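Student: Next up, start.cif (mmCIF, C-alpha atoms).
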data_input
loop_
_atom_site.label_atom_id
_atom_site.label_comp_id
_atom_site.auth_asym_id
_atom_site.auth_seq_id
_atom_site.Cartn_x
_atom_site.Cartn_y
_atom_site.Cartn_z
CA MET A 1 8.73 33.98 -25.97
CA LYS A 2 12.29 34.83 -25.10
CA THR A 3 13.46 35.65 -21.57
CA LEU A 4 16.39 37.89 -20.75
CA ILE A 5 17.96 37.85 -17.28
CA ARG A 6 19.82 41.11 -17.07
CA GLY A 7 22.71 42.23 -14.90
CA GLY A 8 23.16 39.31 -12.52
CA GLU A 9 26.37 37.88 -11.14
CA VAL A 10 26.39 34.56 -13.00
CA VAL A 11 27.99 31.54 -11.34
CA LEU A 12 30.01 29.64 -13.95
CA LEU A 13 32.16 26.53 -13.49
CA ASP A 14 35.35 28.57 -13.36
CA GLY A 15 34.20 31.70 -11.57
CA VAL A 16 31.54 34.41 -11.25
CA GLU A 17 30.96 37.04 -13.92
CA LYS A 18 28.39 39.81 -14.41
CA LEU A 19 26.49 38.71 -17.52
CA ASP A 20 23.11 38.74 -19.21
CA ILE A 21 21.43 35.42 -19.99
CA LEU A 22 19.12 35.02 -23.00
CA ILE A 23 16.72 32.07 -22.86
CA GLU A 24 14.68 30.66 -25.72
CA ASP A 25 12.91 27.31 -26.17
CA LYS A 26 13.96 26.09 -22.71
CA LYS A 27 17.65 26.65 -23.45
CA ILE A 28 20.31 29.23 -22.66
CA VAL A 29 21.03 30.58 -26.14
CA LYS A 30 23.41 33.40 -25.26
CA LEU A 31 25.61 34.61 -22.43
CA GLY A 32 27.13 38.06 -22.69
CA LYS A 33 27.19 41.68 -21.68
CA GLN A 34 24.41 44.08 -22.69
CA ILE A 35 22.38 41.59 -24.72
CA ASN A 36 19.60 43.36 -26.62
CA ALA A 37 16.04 42.43 -25.61
CA ASP A 38 14.46 42.70 -29.04
CA GLY A 39 10.99 41.52 -30.04
CA ASP A 40 8.73 39.59 -27.69
CA CYS A 41 11.12 39.23 -24.74
CA LYS A 42 10.42 39.09 -21.02
CA VAL A 43 13.14 40.88 -19.04
CA ILE A 44 14.09 39.87 -15.50
CA ASP A 45 16.22 42.39 -13.64
CA ALA A 46 18.83 40.45 -11.65
CA GLY A 47 20.85 43.51 -10.67
CA GLY A 48 22.40 43.08 -7.23
CA LYS A 49 21.58 39.37 -7.27
CA THR A 50 23.38 36.16 -8.19
CA VAL A 51 22.29 33.65 -10.82
CA PHE A 52 23.11 30.14 -9.61
CA PRO A 53 22.72 26.97 -11.69
CA GLY A 54 19.52 25.17 -10.73
CA ILE A 55 20.21 22.97 -7.73
CA ILE A 56 19.91 19.21 -8.27
CA ASP A 57 18.98 17.46 -5.04
CA MET A 58 19.63 13.79 -5.72
CA HIS A 59 18.36 12.53 -2.35
CA VAL A 60 14.79 13.51 -1.51
CA HIS A 61 11.80 11.76 0.05
CA LEU A 62 8.57 12.95 -1.59
CA ARG A 63 6.49 10.30 0.25
CA GLU A 64 3.99 9.82 -2.59
CA PRO A 65 2.46 7.32 -3.13
CA GLY A 66 1.31 6.15 0.26
CA PHE A 67 2.45 8.73 2.81
CA GLU A 68 0.83 11.91 1.52
CA GLY A 69 0.17 13.05 5.08
CA LYS A 70 3.92 13.66 5.40
CA GLU A 71 4.49 15.11 1.91
CA ASP A 72 3.19 14.69 -1.61
CA ILE A 73 4.65 15.41 -5.01
CA GLU A 74 2.93 18.80 -5.23
CA SER A 75 3.97 20.07 -1.78
CA GLY A 76 7.47 18.66 -2.20
CA SER A 77 7.82 20.34 -5.59
CA LYS A 78 6.67 23.68 -4.19
CA ALA A 79 9.23 23.36 -1.41
CA ALA A 80 11.93 22.43 -3.92
CA VAL A 81 11.52 25.46 -6.18
CA ALA A 82 11.28 27.72 -3.11
CA GLY A 83 14.77 26.46 -2.26
CA GLY A 84 16.20 27.03 -5.74
CA VAL A 85 16.01 23.31 -6.55
CA THR A 86 15.10 22.59 -10.16
CA GLN A 87 15.52 18.80 -10.11
CA VAL A 88 15.00 16.21 -7.41
CA CYS A 89 15.66 12.49 -7.32
CA CYS A 90 13.07 10.81 -5.11
CA MET A 91 13.78 7.76 -3.00
CA PRO A 92 11.70 4.59 -3.34
CA ASN A 93 10.52 4.00 0.26
CA THR A 94 6.92 4.79 -0.58
CA ASP A 95 3.82 2.61 -0.23
CA PRO A 96 3.77 0.72 -2.49
CA VAL A 97 7.55 0.73 -2.72
CA CYS A 98 8.90 2.06 -6.00
CA ASP A 99 10.21 -1.34 -7.03
CA ASN A 100 8.45 -1.67 -10.39
CA ALA A 101 7.76 0.23 -13.59
CA VAL A 102 4.18 1.06 -12.61
CA VAL A 103 5.22 3.22 -9.66
CA VAL A 104 8.03 4.84 -11.67
CA LYS A 105 5.51 5.81 -14.37
CA TYR A 106 3.07 7.09 -11.72
CA ILE A 107 5.71 9.43 -10.28
CA LYS A 108 6.65 10.68 -13.76
CA ALA A 109 2.98 11.31 -14.56
CA ARG A 110 2.44 13.21 -11.30
CA GLN A 111 5.46 15.38 -12.04
CA LYS A 112 3.89 16.40 -15.36
CA GLU A 113 0.62 17.23 -13.60
CA VAL A 114 2.30 19.37 -10.94
CA ASN A 115 4.73 20.90 -13.48
CA LEU A 116 7.11 22.65 -11.09
CA CYS A 117 10.52 21.00 -10.65
CA LYS A 118 11.79 17.99 -12.56
CA ILE A 119 11.41 14.71 -10.67
CA ASN A 120 13.66 11.71 -11.32
CA PRO A 121 12.44 8.49 -9.68
CA ILE A 122 14.93 6.18 -7.98
CA GLY A 123 13.87 2.55 -7.98
CA ALA A 124 14.44 0.04 -5.21
CA ILE A 125 17.29 -2.46 -5.35
CA THR A 126 15.15 -5.21 -3.85
CA LYS A 127 11.45 -6.00 -3.91
CA GLY A 128 9.68 -4.20 -1.10
CA GLU A 129 13.10 -2.99 0.08
CA LYS A 130 13.27 -6.25 2.01
CA GLY A 131 16.80 -7.10 0.88
CA GLU A 132 15.83 -10.57 -0.32
CA THR A 133 15.04 -10.52 -4.06
CA LEU A 134 16.12 -8.10 -6.76
CA ALA A 135 13.46 -5.68 -7.97
CA ASP A 136 12.53 -5.29 -11.64
CA ILE A 137 15.55 -3.10 -12.32
CA GLY A 138 15.50 -3.32 -16.11
CA LYS A 139 11.83 -2.42 -16.40
CA MET A 140 12.26 0.49 -13.99
CA ALA A 141 15.18 1.76 -16.05
CA GLN A 142 13.05 1.63 -19.20
CA ALA A 143 10.27 3.50 -17.38
CA GLY A 144 12.60 6.34 -16.38
CA ALA A 145 14.33 5.43 -13.11
CA VAL A 146 17.72 7.17 -12.88
CA ALA A 147 19.29 5.00 -10.16
CA ILE A 148 18.44 2.28 -7.64
CA SER A 149 18.59 2.33 -3.86
CA ASP A 150 17.01 0.72 -0.81
CA ASP A 151 17.50 4.01 1.00
CA GLY A 152 16.33 3.85 4.58
CA ARG A 153 17.59 0.28 4.69
CA SER A 154 20.89 -1.34 3.85
CA VAL A 155 20.94 -4.44 1.70
CA MET A 156 22.48 -6.63 4.40
CA ASN A 157 22.98 -9.67 2.17
CA SER A 158 26.27 -9.04 0.36
CA LEU A 159 25.45 -11.45 -2.46
CA ILE A 160 22.17 -9.67 -3.18
CA MET A 161 24.02 -6.35 -3.15
CA ARG A 162 26.63 -7.70 -5.56
CA LEU A 163 23.94 -8.95 -7.93
CA GLY A 164 22.15 -5.61 -7.71
CA MET A 165 25.31 -3.72 -8.66
CA GLU A 166 26.04 -6.07 -11.55
CA TYR A 167 22.50 -5.95 -12.91
CA ALA A 168 22.15 -2.18 -12.52
CA SER A 169 25.42 -1.51 -14.34
CA GLY A 170 24.01 -3.31 -17.38
CA PHE A 171 21.35 -0.59 -17.58
CA ASN A 172 23.84 2.21 -16.88
CA LEU A 173 22.35 2.77 -13.43
CA LYS A 174 24.21 3.32 -10.16
CA CYS A 175 23.42 1.84 -6.79
CA LEU A 176 22.94 4.60 -4.22
CA CYS A 177 23.94 2.94 -0.97
CA HIS A 178 22.43 3.61 2.44
CA CYS A 179 25.27 2.30 4.59
CA GLU A 180 24.13 0.95 7.93
CA ASP A 181 24.83 -2.39 9.56
CA ILE A 182 21.51 -2.83 11.35
CA ASN A 183 22.98 -5.43 13.70
CA LEU A 184 25.60 -2.99 14.96
CA VAL A 185 23.07 -0.15 15.17
CA ASP A 186 21.01 -2.39 17.45
CA GLY A 187 18.28 0.16 18.00
CA GLY A 188 20.58 3.17 18.33
CA VAL A 189 18.92 6.54 17.73
CA VAL A 190 21.83 9.01 18.10
CA ASN A 191 25.59 9.02 17.67
CA GLU A 192 27.38 6.76 20.14
CA GLY A 193 29.54 9.01 22.29
CA LYS A 194 29.60 11.40 25.19
CA ASN A 195 26.18 12.89 24.48
CA SER A 196 24.46 9.55 24.10
CA THR A 197 25.82 8.65 27.53
CA LEU A 198 24.72 11.98 29.04
CA THR A 199 21.20 11.73 27.64
CA GLY A 200 20.74 8.02 28.14
CA LEU A 201 19.76 7.66 24.47
CA LYS A 202 21.06 4.53 22.77
CA GLY A 203 23.99 5.26 20.49
CA SER A 204 24.80 4.06 16.99
CA PRO A 205 28.56 3.68 16.42
CA ARG A 206 30.46 5.05 13.44
CA ALA A 207 31.48 1.47 12.65
CA ALA A 208 27.88 0.65 11.71
CA GLU A 209 28.17 3.10 8.82
CA ASP A 210 31.83 2.55 7.99
CA ILE A 211 31.63 -1.22 7.65
CA MET A 212 28.93 -0.96 5.02
CA ILE A 213 30.73 1.86 3.19
CA ALA A 214 33.79 -0.38 3.02
CA ARG A 215 31.74 -3.39 1.89
CA ASP A 216 29.96 -1.56 -0.92
CA ILE A 217 33.20 0.01 -2.12
CA SER A 218 34.86 -3.40 -2.05
CA LEU A 219 32.04 -4.88 -4.15
CA ALA A 220 32.25 -2.03 -6.65
CA GLU A 221 36.02 -2.39 -6.86
CA SER A 222 35.89 -6.14 -7.44
CA LEU A 223 33.20 -5.76 -10.12
CA ASP A 224 34.73 -2.61 -11.62
CA VAL A 225 31.36 -0.85 -11.56
CA PRO A 226 30.45 2.56 -10.12
CA VAL A 227 28.82 3.01 -6.73
CA HIS A 228 27.49 6.03 -4.85
CA ILE A 229 27.61 6.35 -1.06
CA CYS A 230 24.68 8.20 0.50
CA HIS A 231 24.68 10.80 3.33
CA VAL A 232 28.21 10.29 4.70
CA SER A 233 28.42 11.36 8.35
CA THR A 234 31.68 9.98 9.80
CA TYR A 235 35.30 11.11 9.62
CA SER A 236 36.32 7.48 9.14
CA GLY A 237 33.87 7.04 6.28
CA VAL A 238 35.44 10.03 4.54
CA ASP A 239 38.85 8.39 4.94
CA ILE A 240 37.60 5.10 3.45
CA ILE A 241 36.15 6.89 0.41
CA ARG A 242 39.26 9.04 -0.05
CA SER A 243 41.48 5.95 -0.02
CA ALA A 244 39.23 4.18 -2.52
CA LYS A 245 39.32 7.13 -4.91
CA LYS A 246 43.11 7.16 -4.77
CA ARG A 247 43.04 3.51 -5.84
CA GLY A 248 40.85 4.39 -8.79
CA VAL A 249 37.60 2.90 -7.51
CA LYS A 250 34.56 4.34 -9.29
CA VAL A 251 33.00 5.73 -6.15
CA THR A 252 31.11 8.97 -5.62
CA ALA A 253 29.66 10.20 -2.36
CA GLU A 254 27.34 12.78 -0.86
CA THR A 255 26.68 14.51 2.43
CA CYS A 256 24.04 16.88 3.81
CA PRO A 257 24.09 20.35 5.41
CA HIS A 258 23.25 18.98 8.86
CA TYR A 259 26.47 16.96 8.85
CA PHE A 260 28.72 19.96 8.20
CA VAL A 261 26.76 22.50 10.26
CA LEU A 262 25.68 20.59 13.38
CA THR A 263 27.18 18.29 16.00
CA ASP A 264 25.46 15.89 18.35
CA ASP A 265 25.37 18.60 21.02
CA ILE A 266 21.95 19.31 19.50
CA ILE A 267 20.46 16.14 21.00
CA THR A 268 20.89 17.17 24.62
CA ASP A 269 17.51 18.93 24.81
CA PHE A 270 15.76 15.85 23.33
CA ASP A 271 14.26 17.78 20.42
CA THR A 272 13.05 15.05 18.06
CA PHE A 273 13.64 17.35 15.07
CA THR A 274 17.33 16.47 15.58
CA LYS A 275 16.73 12.75 15.06
CA VAL A 276 18.12 11.67 11.69
CA ASN A 277 19.67 8.56 10.17
CA PRO A 278 22.66 8.40 10.07
CA PRO A 279 22.87 10.53 13.19
CA VAL A 280 24.58 13.89 13.45
CA ARG A 281 27.95 13.11 14.98
CA GLU A 282 30.84 14.98 16.68
CA GLU A 283 33.06 17.93 15.82
CA VAL A 284 35.81 15.68 14.43
CA ASP A 285 33.26 14.30 11.97
CA ARG A 286 31.88 17.73 11.05
CA LEU A 287 35.36 19.02 10.23
CA ALA A 288 36.21 15.90 8.24
CA ILE A 289 33.02 16.29 6.19
CA ILE A 290 34.02 19.86 5.34
CA GLU A 291 37.52 18.73 4.38
CA GLY A 292 36.01 15.98 2.23
CA LEU A 293 33.89 18.53 0.39
CA LYS A 294 36.92 20.76 -0.14
CA ASP A 295 39.27 18.09 -1.48
CA GLY A 296 36.76 16.28 -3.70
CA THR A 297 36.33 13.15 -1.60
CA LEU A 298 32.65 14.06 -1.23
CA ASP A 299 31.14 14.97 -4.58
CA CYS A 300 27.66 16.24 -3.80
CA ILE A 301 25.63 18.17 -1.25
CA VAL A 302 22.10 16.78 -0.97
CA THR A 303 19.39 17.15 1.67
CA ASP A 304 17.99 13.70 2.45
CA HIS A 305 14.80 15.78 2.75
CA ALA A 306 12.64 13.66 5.04
CA PRO A 307 9.38 15.44 5.88
CA HIS A 308 7.20 14.10 8.69
CA SER A 309 3.89 15.06 10.21
CA GLN A 310 3.73 16.51 13.71
CA LYS A 311 2.40 13.25 15.14
CA ASP A 312 5.54 11.47 13.88
CA LYS A 313 7.76 13.85 15.83
CA GLU A 314 5.70 14.90 18.86
CA VAL A 315 6.53 11.73 20.78
CA GLU A 316 9.43 10.64 22.97
CA TYR A 317 12.80 10.58 21.24
CA ASN A 318 13.11 6.80 20.93
CA LEU A 319 9.73 6.54 19.21
CA ALA A 320 10.05 9.54 16.89
CA ALA A 321 10.58 9.09 13.16
CA PHE A 322 14.06 9.66 11.72
CA GLY A 323 14.50 12.60 9.38
CA MET A 324 14.75 16.33 8.79
CA SER A 325 12.93 18.57 6.31
CA GLY A 326 15.71 20.35 4.45
CA ILE A 327 15.04 21.18 0.82
CA GLU A 328 14.08 24.81 1.48
CA THR A 329 17.18 25.60 3.55
CA SER A 330 19.96 23.67 1.81
CA PHE A 331 21.29 26.51 -0.31
CA ALA A 332 21.22 29.13 2.45
CA LEU A 333 22.85 26.82 4.99
CA SER A 334 25.53 25.74 2.52
CA TYR A 335 26.26 29.28 1.38
CA THR A 336 26.32 30.65 4.93
CA HIS A 337 28.53 27.94 6.43
CA LEU A 338 30.82 27.16 3.49
CA VAL A 339 31.12 30.20 1.22
CA LYS A 340 30.47 33.09 3.55
CA LYS A 341 32.95 31.61 6.04
CA GLY A 342 35.62 31.46 3.32
CA ILE A 343 35.85 27.67 3.18
CA MET A 344 35.11 27.50 -0.55
CA SER A 345 34.14 29.72 -3.47
CA LEU A 346 30.65 30.17 -4.86
CA ASN A 347 31.45 28.28 -8.04
CA GLU A 348 32.88 25.41 -5.98
CA LEU A 349 29.56 25.27 -4.14
CA ALA A 350 27.75 25.21 -7.49
CA LYS A 351 29.75 22.14 -8.46
CA LEU A 352 28.71 20.36 -5.27
CA MET A 353 25.02 21.27 -5.50
CA SER A 354 24.42 21.31 -9.27
CA TYR A 355 27.18 20.17 -11.61
CA ASN A 356 28.40 17.08 -9.76
CA PRO A 357 24.91 15.68 -9.06
CA ALA A 358 24.11 16.03 -12.77
CA LYS A 359 27.29 14.21 -13.77
CA THR A 360 26.89 11.56 -11.07
CA LEU A 361 23.51 10.44 -12.39
CA GLY A 362 23.78 11.51 -16.02
CA LEU A 363 21.12 14.22 -15.76
CA GLU A 364 20.71 17.34 -17.87
CA GLY A 365 21.61 20.71 -16.41
CA GLY A 366 24.00 21.48 -13.60
CA GLU A 367 25.81 24.44 -15.13
CA ILE A 368 25.17 27.77 -16.82
CA LYS A 369 26.44 27.75 -20.40
CA GLU A 370 25.16 28.35 -23.90
CA GLY A 371 23.16 25.40 -25.19
CA GLU A 372 22.40 24.08 -21.71
CA VAL A 373 18.90 23.74 -20.31
CA ALA A 374 17.68 26.94 -18.62
CA ASP A 375 17.39 25.71 -15.02
CA LEU A 376 18.39 28.62 -12.79
CA ALA A 377 18.00 30.14 -9.34
CA ILE A 378 18.27 33.88 -8.75
CA VAL A 379 19.36 34.57 -5.18
CA ASP A 380 20.22 37.55 -3.02
CA LEU A 381 23.39 36.54 -1.21
CA ASN A 382 23.24 39.56 1.06
CA GLU A 383 19.70 38.97 2.27
CA LYS A 384 19.67 37.57 5.80
CA TYR A 385 16.72 35.73 7.23
CA VAL A 386 15.85 33.51 10.17
CA VAL A 387 14.80 29.91 9.48
CA ASP A 388 11.22 29.23 10.54
CA GLY A 389 9.97 25.74 9.78
CA LYS A 390 6.37 26.80 10.31
CA LYS A 391 6.66 28.85 7.11
CA PHE A 392 7.94 25.96 4.98
CA LEU A 393 5.93 25.11 1.86
CA SER A 394 6.75 21.48 2.59
CA LYS A 395 4.24 19.65 4.74
CA GLY A 396 7.23 18.66 6.86
CA LYS A 397 8.01 21.41 9.35
CA ASN A 398 10.60 19.24 11.12
CA THR A 399 13.82 21.25 10.94
CA PRO A 400 16.48 21.51 13.66
CA PHE A 401 17.51 24.87 12.20
CA ASN A 402 14.62 26.91 13.61
CA GLY A 403 15.99 30.28 14.70
CA TYR A 404 19.23 30.01 12.69
CA GLU A 405 20.30 33.16 10.85
CA VAL A 406 21.29 32.42 7.27
CA TYR A 407 22.22 34.35 4.13
CA GLY A 408 21.15 33.65 0.57
CA LYS A 409 17.46 34.18 -0.12
CA VAL A 410 16.09 32.53 -3.25
CA HIS A 411 14.00 35.07 -5.16
CA THR A 412 13.28 33.31 -8.45
CA THR A 413 13.54 29.73 -9.67
CA ILE A 414 13.42 28.98 -13.39
CA VAL A 415 12.86 25.48 -14.79
CA ASP A 416 13.12 24.86 -18.55
CA GLY A 417 13.09 28.61 -19.06
CA GLU A 418 9.83 29.15 -17.11
CA ILE A 419 9.50 30.92 -13.78
CA LYS A 420 8.26 28.35 -11.27
CA TYR A 421 8.84 30.36 -8.11
CA SER A 422 9.07 34.05 -7.35
CA CYS A 423 8.94 35.94 -4.09
#
Re-express the file's structure as structure tokens.
Tutor:
Amino acid sequence: MKTLIRGGEVVLLDGVEKLDILIEDKKIVKLGKQINADGDCKVIDAGGKTVFPGIIDMHVHLREPGFEGKEDIESGSKAAVAGGVTQVCCMPNTDPVCDNAVVVKYIKARQKEVNLCKINPIGAITKGEKGETLADIGKMAQAGAVAISDDGRSVMNSLIMRLGMEYASGFNLKCLCHCEDINLVDGGVVNEGKNSTLTGLKGSPRAAEDIMIARDISLAESLDVPVHICHVSTYSGVDIIRSAKKRGVKVTAETCPHYFVLTDDIITDFDTFTKVNPPVREEVDRLAIIEGLKDGTLDCIVTDHAPHSQKDKEVEYNLAAFGMSGIETSFALSYTHLVKKGIMSLNELAKLMSYNPAKTLGLEGGEIKEGEVADLAIVDLNEKYVVDGKKFLSKGKNTPFNGYEVYGKVHTTIVDGEIKYSC
């Protein structure tokens, strides 16, 4: 069966144009005006709405196997398509850790069973994410891993990290680096600054992140291999990455909506939904993150979707788990705070959320063009709604954005030409 999306404002790489989209055999076969819907063709009326390339969230915690009480592949996939996300890359800090081909194959098999969004497993750099011995990187690559990372933990041993980068590059994989010097963090739970002093909560300094960003970039530069820096939160980290790019280092980087929307003023009421790693920082950092997105220093917007159960969060701040549930709000927050405020155009946002993630990891999709896979999100940019974590399809209701007014409601999500979500 063919599908025709009629009359939507289509977000292309170089602008937005009112076009019809004809889909057949999972692919976009034609873009144009007034395409005829002949034969057996399903027609979707997108009049008054915007057709956005399917979002690729390359930093997600699906928790399965091992922590299904927080999230599982089915609930995480439902949350993803509700947010216009057609592909996710899931981090390896599961139980057992995704450090071998067996777990990679399990995740791929579960994705086929659930059959909603596409799921790309990320393997661990080290066995058990302990930072001591390299994982079976080659076998994971053969099984379908798209990158490696010890996300949630930095590989503190620089020699092990170097070996991981070298070995991964031989399989055309990138290291996705969680940058955190655990010795400098020293138990910190929020940004080190005025608000950590006011609240009495132990602070984590920017230097803890920046030192590891600099180290991993230095390793990549010396080896002449690519590296990707995860969830950048500091103004100084942005500067380090910008300088490296000017030198020609093969570095890409990402950030998350909470780093360009929020500041650490949110911690003053001790709401554990605000506890995330790295921590939300100060206004100087928020503005630098936005500037980094604008000038290309930061390549991708991801969520670091980290769902937790109520029992993980309904404890005192120091004991609460790190992480925010964000996959269902990422588009609306990004559109509201970046495009609607005039900071960037809609097609520039599409590059950050779809095109660049695809290119960073060598994935299909990421743009709307003839011959490309039909992964799309149909959104109403004028529809305003209030974020309510209790209504999330994710098991993780832990969002600091409860009560925020946002624009950009996802109405339909299409994966491989099939409707996977509709409201």
Student: Near segment 362-372 of chain A, within 9 Å and counting all atoms listed in the file, which residues show up once chain neighbours fewer than 2 positions away are dropped, as a PyMOL selection string?
Tutor: chain A and resi 10-13+21+26-31+51-56+87+146+350-351+353-360+374-376
Student: With distances taken over only C-alpha atoms, which of A:Glu129, A:Asp264, A:Asp269, A:Val225 is nearest to Val284 of chain A?
Tutor: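 The closest residue to Val284 of chain A is A:Asp264.
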Student: Hey, which of A:Asn172, A:Thr272, A:Leu198, A:Arg6 ends up closest to Lys311 of chain A? Count all atoms listed in the file.
Tutor: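 Result for the nearest residue to Lys311 of chain A: A:Thr272.
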Student: Using Å and a single decimal, report how far atom CA of Met91 of chain A sits from atom CA of Ala320 of chain A.
Tutor: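 Between these atoms lies a distance of 20.3 Å.
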Student: Have a look at A:Val189, A:Ala377, A:Ala141, A:Met58 and name the one nearest to His231 of chain A; count only C-alpha atoms.
Tutor: A:Met58
Student: Around the point (6.6, 23.5, 2.3) (coordinates from the file), which residues reach within 6 Å if we count only C-alpha atoms? Answer as a list in words.
Tutor: Ser75, Ala79, Phe392, Leu393, Ser394 and Lys395 of chain A
Student: Output C-alpha atoms for every residue in the selection just made, as a compact mmCIF listing (two decimals), in the frame of the given file.
Tutor:
# COMPACT_ATOMS: atom_id res chain seq x y z
CA SER A 75 3.97 20.07 -1.78
CA ALA A 79 9.23 23.36 -1.41
CA PHE A 392 7.94 25.96 4.98
CA LEU A 393 5.93 25.11 1.86
CA SER A 394 6.75 21.48 2.59
CA LYS A 395 4.24 19.65 4.74
Student: Env of Asp72 of chain A: 7 Å cut, atoms = only C-alpha atoms, seq-sep filter 5 positions within chain, self excluded. Answer as a list in words.
Tutor: Leu62, Arg63 and Glu64 of chain A
Student: Out of A:Ala82, A:Leu223, A:Val185, A:Leu262, which residue has the shortest atom-to-atom distance to Val249 of chain A when counting all atoms listed in the file?
Tutor: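 When distances to Val249 of chain A are compared using all atoms listed in the file, the smallest one comes from A:Leu223.
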Student: Find the residues near segment 114-120 of chain A: any atom within 6 Å, counting all atoms listed in the file, skip ones fewer than 2 places away on the same chain, and give them as a PDB file with C-alpha atoms, keeping the file's coordinate frame.
Tutor:
ATOM      1  CA  GLU A  74       2.930  18.800  -5.230  1.00  0.00           C
ATOM      2  CA  SER A  77       7.820  20.340  -5.590  1.00  0.00           C
ATOM      3  CA  THR A  86      15.100  22.590 -10.160  1.00  0.00           C
ATOM      4  CA  GLN A  87      15.520  18.800 -10.110  1.00  0.00           C
ATOM      5  CA  VAL A  88      15.000  16.210  -7.410  1.00  0.00           C
ATOM      6  CA  CYS A  89      15.660  12.490  -7.320  1.00  0.00           C
ATOM      7  CA  GLN A 111       5.460  15.380 -12.040  1.00  0.00           C
ATOM      8  CA  LYS A 112       3.890  16.400 -15.360  1.00  0.00           C
ATOM      9  CA  LYS A 420       8.260  28.350 -11.270  1.00  0.00           C
TER      10      LYS A 420
END
Student: Once the PyMOL selection byres ((chain A and resi 400) around 8) has been evaluated on this model, what residues remain selected, and can you format them as a list in words?
Tutor: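 Output of the PyMOL selection byres ((chain A and resi 400) around 8): Phe273, Thr274, Met324, Asn398, Thr399, Phe401 and Asn402 of chain A.
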Student: Could you write out as a list in words the residues that the PyMOL selection byres ((chain A and resi 19) around 6) matches in the shown file?
Tutor: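 Output of the PyMOL selection byres ((chain A and resi 19) around 6): Gly7, Glu17, Lys18, Asp20, Gly32 and Lys33 of chain A.
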Student: Closest to Thr133 of chain A among A:Val85, A:Val190, A:Ile44, A:Met161, using only C-alpha atoms?
Tutor: A:Met161
Student: Report, as JSON, the centre and edge lengths in Å (one decimal) of the axis-aligned box enclosing every listed atom of segment 409-415 of chain A, padded by 8 Å on each side.
Tutor:
{"center_x": 15.2, "center_y": 30.3, "center_z": -7.5, "size_x": 20.6, "size_y": 25.6, "size_z": 30.7}
Student: Which residues match the PyMOL selection byres ((chain A and resi 95-104) around 7) in the file above, as a ChimeraX atom specification?
Tutor: /A:65-67,92-94,105-108,121,123-124,127-128,135-136,139-140,143-145
Student: Restricting the calculation to all atoms listed in the file: of A:Thr255, A:Thr263, A:Asp271, A:Gly170, which residue gets closest to Ile289 of chain A?
Tutor: A:Thr255
